[in-house]
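*Asks:* Before anything else, here's the structure in question.
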Amino acid sequence: MAAPRENVSLLFKLYCLAVMTLVAAAYTIALRYTRTSDRELYFSTTAVCITEVIKLLLSVGILAKETGSLGRFKASLRDNVLGSPKELMKLSVPSLVYAVQNNMAFLALSNLDAAVYQVTYQLKIPCTALCTVLMLNRTLSKLQWISVFMLCGGVILVQWKPAQATKVVVEQNPLLGFGAIAIAVLCSGFAGVYFEKVLKSSDTSLWVRNIQMYLSGIVVTLVGVYLSDGAEIKEKGFFYGYTYYVWFVIFLASVGGLYTSVVVKYTDNIMKGFSAAAAIVLSTIASVMLFGLQITPTFALGTLLVCVSIYLYGLPRQDTTSIQQGETASKERAMTSGW
C-alpha cells in the first residue's frame with residue numbers, strides 16, 4: 001500500500017538539501033581538525049555511539065512537538081515503538097547493513113591502495129541508482145543515468161590524490177580488498193534505498209521511523225565500541241580526548257543525520273548522493289583556505305562534472321515523494337484511451 005502523498009513545497013526540499021550539504025561540508029572540515037590536532041585522540045567509536053543517542057533524543061523531542069499532547073505522544077511511542085517489535089526489527093536492518101558496510105570499507109582500505117579504494121568505492125553512487133530502480137519500481141531517464149555516472153566520475157576526480165611512494169611495506173590482499181569493496185558498495189546502495197522504501201510505503205511518522213532506527217543503531221554502535229576499543233576505553237574512559245571541538249563534530253553529525261532522513265523522505269537517495277558530492281566539493285574548497293590544500297586540474301574538472309551532473313539530474317522528472325506502484329497508472333490510462 002502506498003503512503004498518502006504529502007504536499008511539500010520545492011522550496012522546503014531545496015532548503016533541506018542545502019542545509020544537509022552545508023552541514024556535511026562543515027562536518028568534514030571539523031572532523032579533520034579533531035583527528036589531526038595535537039591533543040589526545042578521542043575514540044571515534046564512542047563519538048558515533050553518542051551521535052546515535054543524540055539523534056534519538058532529538059527525534060523524540062520532535063515527535064513530542066508533532067503529536068501536540070503528552071497523551072498522543074505516549075500513545076505513539078507505545079503503539080509504534082514499545083508495542084511493535086516487528087517494526088523495530090524492520091528498522092534494525094539498515095543499522096546492521098551500515099555496520100557491515102563500515103567494516104567492509106575498513107577491510108578494503110587495509111588491502112587496497114588508497115587511490116584504488118577511492119575510485120572503486122564511488123561505485124556506490126550508480127549502485128544506489130540501480131537499487132532505486134529495482135526496489136522502488138522507479139525509472140530513470142537516459143539523461144539521469146548519464147548524470148549519475150558523471151557524478152561518480154566527478155567525485156573520483158575531486159578526491160583524487162596521486163599515489164605516493166612509501167618505505168613501509170604492508171602486506172595486502174587485493175582479491176580480499178575488491179571483495180570487501182563490492183560488499184560495501186552493495187550494502188551502501190541497499191541500506192539507503194531500503195530505508196527510503198520503509199519511509200515512503202506507509203504513513204508512519206518520519207520521527208517514529210527515526211526512533212525505531214536509532215534504537216537499533218545505539219545497540220549496534222555499542223557492540224562496535226566494545227569490540228574495537230573496549231580494553232582502551234576501560235583504561236582511559238569513554239570520553240577520553242573529548243574537547244569542545246569533538247562535541248561540535250558530534251552535533252554536526254547528529255543534525256546532518258536528521259536532515260538526511262528528511263531528504264530521503266521528501267526527495268530520494270540519489271539526490272542524497274548528489275548532495276553528498278556537493279559537500280565534498282565545498283569541504284575541499286574550504287580545506288584550501290584552512291589547511292593550505294592546493295587546487296589541482298583534476299579537482300577543477302571534477303567540480304565541473306559534479307555541478308553539471310547535479311544540473312542534469314535536477315531537470316524536470318517524475319515525483320519521488322511516494323513509492324510508485326509499477327506502471328499501473330499508465331496501463332489504466334492506456335486501457336481508457338483504447339475504448
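To be explicit about the labels: the chains of the C-alpha cells are called A, B, and onward in the order shown, and within each one the residues are counted from 1, while ligands get numbers from 1 in the order they are shown.
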Please identify all polymer residues within 6 Å of segment 95-101 of chain A, counting only C-alpha atoms, omitting same-chain residues fewer than 6 positions from it, and present them as a ChimeraX atom specification.

*Replies:* /A:184,187,217

*Asks:* Dump as CSV the rows for residues of segment 119-173 of chain A within 12 Å of segment 287-306 of chain A: closest atom pair and distance in Å with one decimal, only C-alpha atoms counted, ordered by chain and rising residue number.

*Replies:*
residue,atom,partner,partner_atom,distance
A:Ile146,CA,A:Leu305,CA,11.1
A:Ser147,CA,A:Val306,CA,8.7
A:Val148,CA,A:Val306,CA,9.5
A:Phe149,CA,A:Leu305,CA,9.9
A:Met150,CA,A:Leu305,CA,6.2
A:Leu151,CA,A:Val306,CA,5.1
A:Cys152,CA,A:Val306,CA,8.2
A:Gly153,CA,A:Gly302,CA,7.1
A:Gly154,CA,A:Gly302,CA,4.0
A:Val155,CA,A:Gly302,CA,6.2
A:Ile156,CA,A:Gly302,CA,7.2
A:Leu157,CA,A:Gly302,CA,4.7
A:Val158,CA,A:Phe299,CA,4.3
A:Gln159,CA,A:Phe299,CA,7.2
A:Trp160,CA,A:Thr298,CA,7.2
A:Lys161,CA,A:Thr298,CA,9.1
A:Pro162,CA,A:Thr298,CA,10.4

*Asks:* Would you mind listing what lies within 9 Å of Thr128 of chain A as a PyMOL selection string, with only C-alpha atoms counted and same-chain residues fewer than 5 positions away left out?

*Replies:* chain A and resi 123+133+185-186+188-190+192-193+269-270+273

*Asks:* Ranking A:Thr267, A:Ser44, A:Gln212, A:Thr284 by minimum distance to Leu57 of chain A and counting only C-alpha atoms, which one comes first?

*Replies:*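 Counting only C-alpha atoms, the residue closest to Leu57 of chain A is A:Gln212.
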
*Asks:* Pick out the residues sitting within 7 Å of segment 226-243 of chain A, and hand them over as a PyMOL selection string; count only C-alpha atoms, and ignore anything fewer than 3 positions along from it in its own chain.

*Replies:* chain A and resi 40-42+46+222-223+246-247

*Asks:* Could you write out that same residue set with all heavy atoms as a compact mmCIF listing (two decimals), in the first residue's frame?

*Replies:*
# COMPACT_ATOMS: atom_id res chain seq x y z
N GLU A 40 45.05 14.79 22.73
CA GLU A 40 44.81 13.35 22.84
C GLU A 40 43.68 12.95 21.90
O GLU A 40 42.63 13.59 21.86
CB GLU A 40 44.43 12.96 24.28
CG GLU A 40 45.52 13.21 25.31
CD GLU A 40 45.46 14.62 25.87
OE1 GLU A 40 44.66 15.43 25.35
OE2 GLU A 40 46.23 14.92 26.81
N LEU A 41 43.90 11.89 21.16
CA LEU A 41 42.92 11.46 20.16
C LEU A 41 41.78 10.69 20.83
O LEU A 41 42.01 9.73 21.55
CB LEU A 41 43.60 10.56 19.12
CG LEU A 41 42.88 10.39 17.78
CD1 LEU A 41 42.67 11.73 17.09
CD2 LEU A 41 43.66 9.45 16.88
N TYR A 42 40.57 11.16 20.59
CA TYR A 42 39.39 10.50 21.16
C TYR A 42 39.05 9.22 20.39
O TYR A 42 39.54 9.00 19.28
CB TYR A 42 38.19 11.45 21.13
CG TYR A 42 37.78 11.90 19.73
CD1 TYR A 42 36.76 11.26 19.04
CD2 TYR A 42 38.42 12.98 19.11
CE1 TYR A 42 36.40 11.67 17.77
CE2 TYR A 42 38.06 13.39 17.84
CZ TYR A 42 37.05 12.73 17.18
OH TYR A 42 36.69 13.13 15.91
N THR A 46 33.16 5.83 20.10
CA THR A 46 32.30 6.43 21.13
C THR A 46 31.57 7.64 20.58
O THR A 46 30.41 7.89 20.92
CB THR A 46 33.12 6.83 22.37
OG1 THR A 46 34.07 7.85 22.01
CG2 THR A 46 33.85 5.64 22.96
N LEU A 222 27.19 0.35 20.15
CA LEU A 222 27.75 -0.07 21.45
C LEU A 222 28.55 -1.35 21.30
O LEU A 222 29.62 -1.51 21.91
CB LEU A 222 26.62 -0.27 22.47
CG LEU A 222 26.11 0.99 23.17
CD1 LEU A 222 24.91 0.66 24.04
CD2 LEU A 222 27.22 1.63 24.01
N VAL A 223 28.05 -2.28 20.47
CA VAL A 223 28.79 -3.50 20.18
C VAL A 223 30.12 -3.15 19.51
O VAL A 223 31.17 -3.71 19.84
CB VAL A 223 27.96 -4.46 19.29
CG1 VAL A 223 28.81 -5.64 18.82
CG2 VAL A 223 26.74 -4.96 20.04
N VAL A 246 35.25 18.35 19.53
CA VAL A 246 34.72 17.00 19.33
C VAL A 246 33.20 17.00 19.50
O VAL A 246 32.46 16.41 18.71
CB VAL A 246 35.36 15.99 20.31
CG1 VAL A 246 34.73 14.61 20.16
CG2 VAL A 246 36.86 15.89 20.07
N TRP A 247 32.73 17.71 20.53
CA TRP A 247 31.28 17.80 20.73
C TRP A 247 30.60 18.53 19.58
O TRP A 247 29.47 18.22 19.20
CB TRP A 247 30.97 18.51 22.05
CG TRP A 247 31.18 17.63 23.26
CD1 TRP A 247 32.18 17.72 24.17
CD2 TRP A 247 30.38 16.51 23.63
NE1 TRP A 247 32.05 16.72 25.11
CE2 TRP A 247 30.96 15.97 24.81
CE3 TRP A 247 29.24 15.91 23.10
CZ2 TRP A 247 30.42 14.85 25.46
CZ3 TRP A 247 28.70 14.81 23.75
CH2 TRP A 247 29.29 14.29 24.91
